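Okay, protein_7.cif now, which holds mmCIF, C-alpha atoms and all ligand atoms:
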```
data_coords
#
loop_
_atom_site.label_atom_id
_atom_site.label_comp_id
_atom_site.auth_asym_id
_atom_site.auth_seq_id
_atom_site.Cartn_x
_atom_site.Cartn_y
_atom_site.Cartn_z
CA MET E 54 -24.30 8.91 6.25
CA ARG E 55 -22.90 6.38 8.67
CA VAL E 56 -19.77 4.58 7.51
CA GLN E 57 -18.35 1.56 9.29
CA LEU E 58 -15.15 -0.02 8.09
CA THR E 59 -12.25 -2.10 9.33
CA ILE E 60 -9.01 -0.19 8.91
CA ASN E 61 -5.67 -1.79 9.74
CA GLY E 62 -7.55 -4.40 11.74
CA ALA E 63 -9.61 -1.96 13.83
CA SER E 64 -13.31 -1.30 13.42
CA ARG E 65 -14.03 2.41 12.95
CA GLU E 66 -17.20 4.40 12.35
CA ALA E 67 -17.90 7.94 11.19
CA ASP E 68 -20.77 10.16 10.08
CA VAL E 69 -19.84 11.60 6.71
CA GLU E 70 -21.21 13.61 3.82
CA PRO E 71 -22.12 11.30 0.92
CA ARG E 72 -19.59 13.15 -1.25
CA LEU E 73 -16.65 12.67 1.15
CA LEU E 74 -13.73 10.91 -0.50
CA LEU E 75 -12.12 7.92 1.16
CA VAL E 76 -8.76 9.70 1.35
CA HIS E 77 -10.32 12.52 3.37
CA LEU E 78 -12.04 10.06 5.69
CA ILE E 79 -8.70 8.35 6.25
CA ARG E 80 -6.67 11.53 6.77
CA GLU E 81 -9.11 13.93 8.38
CA ASN E 82 -11.62 11.79 10.27
CA LEU E 83 -9.39 8.88 11.20
CA LEU E 84 -6.17 10.95 11.38
CA LEU E 85 -4.11 8.43 9.43
CA THR E 86 -2.01 10.94 7.54
CA GLY E 87 0.46 8.44 6.11
CA THR E 88 -1.81 8.26 3.05
CA HIS E 89 -0.86 11.26 0.93
CA ILE E 90 -2.73 13.46 -1.53
CA GLY E 91 -0.65 14.43 -4.53
CA CYS E 92 -3.10 15.39 -7.23
CA ASP E 93 -6.77 14.64 -6.44
CA THR E 94 -7.26 13.64 -10.07
CA THR E 95 -6.43 9.90 -10.01
CA SER E 96 -3.04 10.58 -11.57
CA CYS E 97 -0.26 10.21 -9.00
CA GLY E 98 -1.09 7.20 -6.80
CA ALA E 99 0.15 8.88 -3.59
CA CYS E 100 -3.25 8.13 -2.04
CA THR E 101 -3.14 4.38 -2.77
CA VAL E 102 -4.59 2.13 -0.06
CA LEU E 103 -5.82 -1.45 -0.15
CA LEU E 104 -9.59 -1.97 -0.25
CA ASP E 105 -10.35 -5.61 0.48
CA GLY E 106 -6.74 -6.32 -0.45
CA ARG E 107 -6.78 -4.55 -3.80
CA PRO E 108 -4.95 -1.27 -4.43
CA VAL E 109 -7.24 1.70 -5.05
CA LYS E 110 -6.62 5.40 -5.39
CA SER E 111 -8.50 6.63 -2.35
CA CYS E 112 -9.03 10.07 -3.93
CA THR E 113 -11.28 8.31 -6.41
CA VAL E 114 -13.40 6.27 -4.01
CA PHE E 115 -16.22 7.69 -1.89
CA ALA E 116 -15.93 6.96 1.81
CA VAL E 117 -19.38 5.36 1.73
CA GLN E 118 -18.15 2.88 -0.88
CA ALA E 119 -15.73 1.53 1.73
CA SER E 120 -18.47 0.92 4.29
CA GLY E 121 -18.54 -2.68 5.48
CA ARG E 122 -15.17 -3.33 3.85
CA THR E 123 -11.55 -3.67 4.89
CA VAL E 124 -9.01 -0.92 4.28
CA SER E 125 -5.25 -1.16 4.76
CA THR E 126 -3.01 1.88 4.92
CA VAL E 127 0.72 2.31 5.32
CA GLU E 128 0.29 2.65 9.09
CA GLY E 129 -0.78 -1.00 9.24
CA LEU E 130 2.33 -2.44 7.59
CA GLU E 131 4.62 -2.51 10.63
CA GLN E 132 3.54 -5.14 13.15
CA ASN E 133 4.73 -5.23 16.76
CA GLY E 134 7.74 -3.09 15.98
CA VAL E 135 8.78 -5.19 12.97
CA LEU E 136 8.83 -3.54 9.58
CA HIS E 137 6.98 -5.20 6.71
CA ALA E 138 9.36 -6.70 4.14
CA VAL E 139 8.31 -3.96 1.70
CA GLN E 140 9.23 -1.25 4.21
CA GLU E 141 12.53 -2.99 4.83
CA GLY E 142 13.15 -3.22 1.07
CA PHE E 143 12.56 0.49 0.57
CA THR E 144 14.93 1.23 3.45
CA LYS E 145 17.70 -1.14 2.40
CA GLU E 146 17.60 -0.25 -1.30
CA HIS E 147 17.10 3.49 -0.80
CA GLY E 148 13.77 3.35 -2.61
CA LEU E 149 12.79 6.88 -1.63
CA GLN E 150 14.09 10.41 -1.60
CA CYS E 151 11.44 12.94 -0.50
CA GLY E 152 9.12 10.08 0.49
CA PHE E 153 5.95 11.67 -0.81
CA CYS E 154 5.08 8.82 -3.16
CA THR E 155 6.34 6.14 -0.79
CA PRO E 156 3.21 5.15 1.18
CA GLY E 157 1.23 4.65 -2.01
CA MET E 158 4.15 2.96 -3.72
CA MET E 159 4.50 0.54 -0.81
CA MET E 160 0.79 -0.31 -0.68
CA THR E 161 0.83 -1.08 -4.41
CA SER E 162 3.92 -3.23 -3.84
CA VAL E 163 2.28 -5.15 -1.00
CA ALA E 164 -0.70 -5.95 -3.22
CA LEU E 165 1.59 -7.03 -6.06
CA LEU E 166 3.60 -9.39 -3.85
CA GLU E 167 0.43 -10.86 -2.38
CA ARG E 168 -0.73 -11.95 -5.82
CA ASN E 169 2.70 -12.62 -7.37
CA ALA E 170 5.48 -13.61 -4.98
CA ALA E 171 8.20 -13.47 -7.62
CA PRO E 172 7.39 -10.72 -10.13
CA THR E 173 9.71 -9.95 -13.01
CA GLU E 174 11.12 -6.45 -13.37
CA LEU E 175 8.56 -5.81 -16.11
CA GLN E 176 5.72 -6.98 -13.90
CA ILE E 177 6.96 -4.71 -11.10
CA ARG E 178 7.15 -1.74 -13.44
CA GLN E 179 3.67 -2.49 -14.77
CA ALA E 180 2.28 -2.80 -11.22
CA ILE E 181 3.66 0.58 -10.13
CA SER E 182 2.79 2.32 -13.38
CA GLY E 183 -0.06 4.15 -11.63
CA ASN E 184 2.25 5.46 -8.91
CA LEU E 185 4.35 8.45 -9.91
CA CYS E 186 7.67 9.33 -8.30
CA ARG E 187 9.21 12.69 -9.07
CA CYS E 188 12.53 11.95 -7.35
CA THR E 189 14.05 8.52 -7.73
CA GLY E 190 13.88 7.53 -11.38
CA TYR E 191 12.24 4.27 -10.20
CA VAL E 192 15.45 2.19 -10.34
CA ASN E 193 15.79 1.86 -6.58
CA ILE E 194 12.03 1.41 -6.16
CA VAL E 195 12.21 -1.64 -8.41
CA LYS E 196 15.21 -2.91 -6.41
CA ALA E 197 13.28 -2.32 -3.17
CA ILE E 198 10.37 -4.44 -4.39
CA GLN E 199 12.75 -7.16 -5.59
CA HIS E 200 14.39 -7.09 -2.16
CA ALA E 201 10.99 -7.46 -0.48
CA SER E 202 10.03 -10.27 -2.83
CA ALA E 203 13.20 -12.20 -1.95
CA THR E 204 12.75 -11.60 1.79
CA MET E 205 9.13 -12.73 1.73
CA ARG E 206 9.94 -15.86 -0.24
CA GLU E 207 12.81 -16.74 2.14
CA ALA E 208 10.54 -16.25 5.14
CA LYS E 209 7.88 -18.45 3.56
CA ALA E 210 10.43 -21.16 2.74
CA GLU E 211 11.64 -21.16 6.36
CA LYS E 212 8.07 -21.54 7.62
CA GLU E 213 7.22 -24.25 5.13
CA PRO E 214 10.32 -26.46 4.76
CA ALA E 215 10.36 -28.36 1.48
CA THR E 216 8.76 -31.78 1.79
CA ALA E 217 9.73 -32.95 -1.67
CA GLY E 218 11.53 -36.26 -1.60
CA ARG E 219 10.30 -37.22 1.86
CA ALA E 220 8.59 -40.55 2.31
S1 LIG S 301 -4.03 11.95 -4.88
FE1 LIG S 301 -5.07 10.21 -5.58
S2 LIG S 301 -4.08 9.68 -7.44
FE2 LIG S 301 -3.09 11.53 -6.79
S1 LIG S 302 10.56 9.79 -3.42
FE1 LIG S 302 9.90 11.81 -3.88
S2 LIG S 302 8.14 11.49 -5.10
FE2 LIG S 302 8.96 9.52 -4.86
#
```
For the structure just supplied, provide its representation as structure tokens.
Ligand code: FES
Ligand code: FES
Amino acid sequence: MRVQLTINGASREADVEPRLLLVHLIRENLLLTGTHIGCDTTSCGACTVLLDGRPVKSCTVFAVQASGRTVSTVEGLEQNGVLHAVQEGFTKEHGLQCGFCTPGMMMTSVALLERNAAPTELQIRQAISGNLCRCTGYVNIVKAIQHASATMREAKAEKEPATAGRA
């Protein structure tokens, strides 16, 4: 079957078996190996990508289901040599050790911060509850997301200076 999708802003096409999983399309056909496979059973979240802006476990989506839609992977976070605030947060707060869970963890974080710019610690922990990390104990991952949240809010405030009180 023919699949056409927009991935990290680029239009891509492929002929695939109907049973091909999205994660295999991404890694093996499109050679975007930043998306990891940790379990293949919808348990670990290492394969998380954004499908039309929403986090999905790409080992649980058929490639054909993504046809005509927009997919974002970890490779699309950095823009023109500038890290995404979430990538910067994970770097600054040491939010990774082996890094295996990190691409999926970051994509989940991006989606969270898109819908909730200032999540509480509980909301962060709930958002990443489908992403398992065997190394860090999650403390620094939470700090990394809080760091990203603060950075993104500061950047937004600089772009949109407060108008309150102005005539
Ligand atoms: S590889 Fe998809 S959830 Fe583990
Ligand atoms: S950093 Fe190793 S699994 Fe999360």
Would you give me, as a Markdown table, each residue of chain E having an atom within 6 Å of an atom of ligand LIG 301 (chain S), along with its shortest atom pair and that distance in Å to one decimal, using all atoms listed in the file and sorting by chain and residue number?
```
| residue | atom | partner | partner_atom | distance |
| --- | --- | --- | --- | --- |
| E:Ile90 | CA | S:LIG301 | S1 | 3.9 |
| E:Gly91 | CA | S:LIG301 | S1 | 4.2 |
| E:Cys92 | CA | S:LIG301 | FE2 | 3.9 |
| E:Asp93 | CA | S:LIG301 | S1 | 4.1 |
| E:Thr94 | CA | S:LIG301 | FE2 | 5.7 |
| E:Thr95 | CA | S:LIG301 | S2 | 3.5 |
| E:Ser96 | CA | S:LIG301 | S2 | 4.4 |
| E:Cys97 | CA | S:LIG301 | FE2 | 3.8 |
| E:Gly98 | CA | S:LIG301 | S2 | 3.9 |
| E:Ala99 | CA | S:LIG301 | FE2 | 5.3 |
| E:Cys100 | CA | S:LIG301 | FE1 | 4.5 |
| E:Lys110 | CA | S:LIG301 | FE1 | 5.1 |
| E:Ser111 | CA | S:LIG301 | FE1 | 5.9 |
| E:Cys112 | CA | S:LIG301 | FE1 | 4.3 |
```
All residues having an atom within 8 Å of ligand LIG 302 (chain S) (all atoms listed in the file) as a PyMOL selection string: chain E and resi 148-155+185-189
Residues near range 200-212 of chain E, cut-off 12 Å, only C-alpha atoms, skip fewer than 3 positions along chain, as JSON, numbers by chain: {"E": [136, 137, 138, 139, 140, 141, 142, 143, 144, 145, 146, 147, 148, 159, 162, 163, 164, 165, 166, 167, 168, 169, 170, 171, 172, 173, 174, 177, 193, 194, 195, 196, 197, 215, 216]}
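CA of Gly62 in chain E lies 13.3 Å from CA of Asn133 in chain E.
Going from CA of Val114 in chain E to CA of Met160 in chain E covers 16.0 Å.
If you measure from each of E:Gln199, E:Thr161, E:Thr59, E:Thr86 to Thr123 in chain E using only C-alpha atoms, the closest one turns out to be E:Thr59.
The smallest atom-to-atom distance between Asp105 in chain E and any of E:Val135, E:Leu83, E:Ile60, E:Leu175, using only C-alpha atoms, is found for E:Ile60.
The nearest approach to Tyr191 in chain E among the residues E:Arg80, E:Ser125, E:Gln176, E:Met158, with all atoms listed in the file taken into account, belongs to E:Met158.
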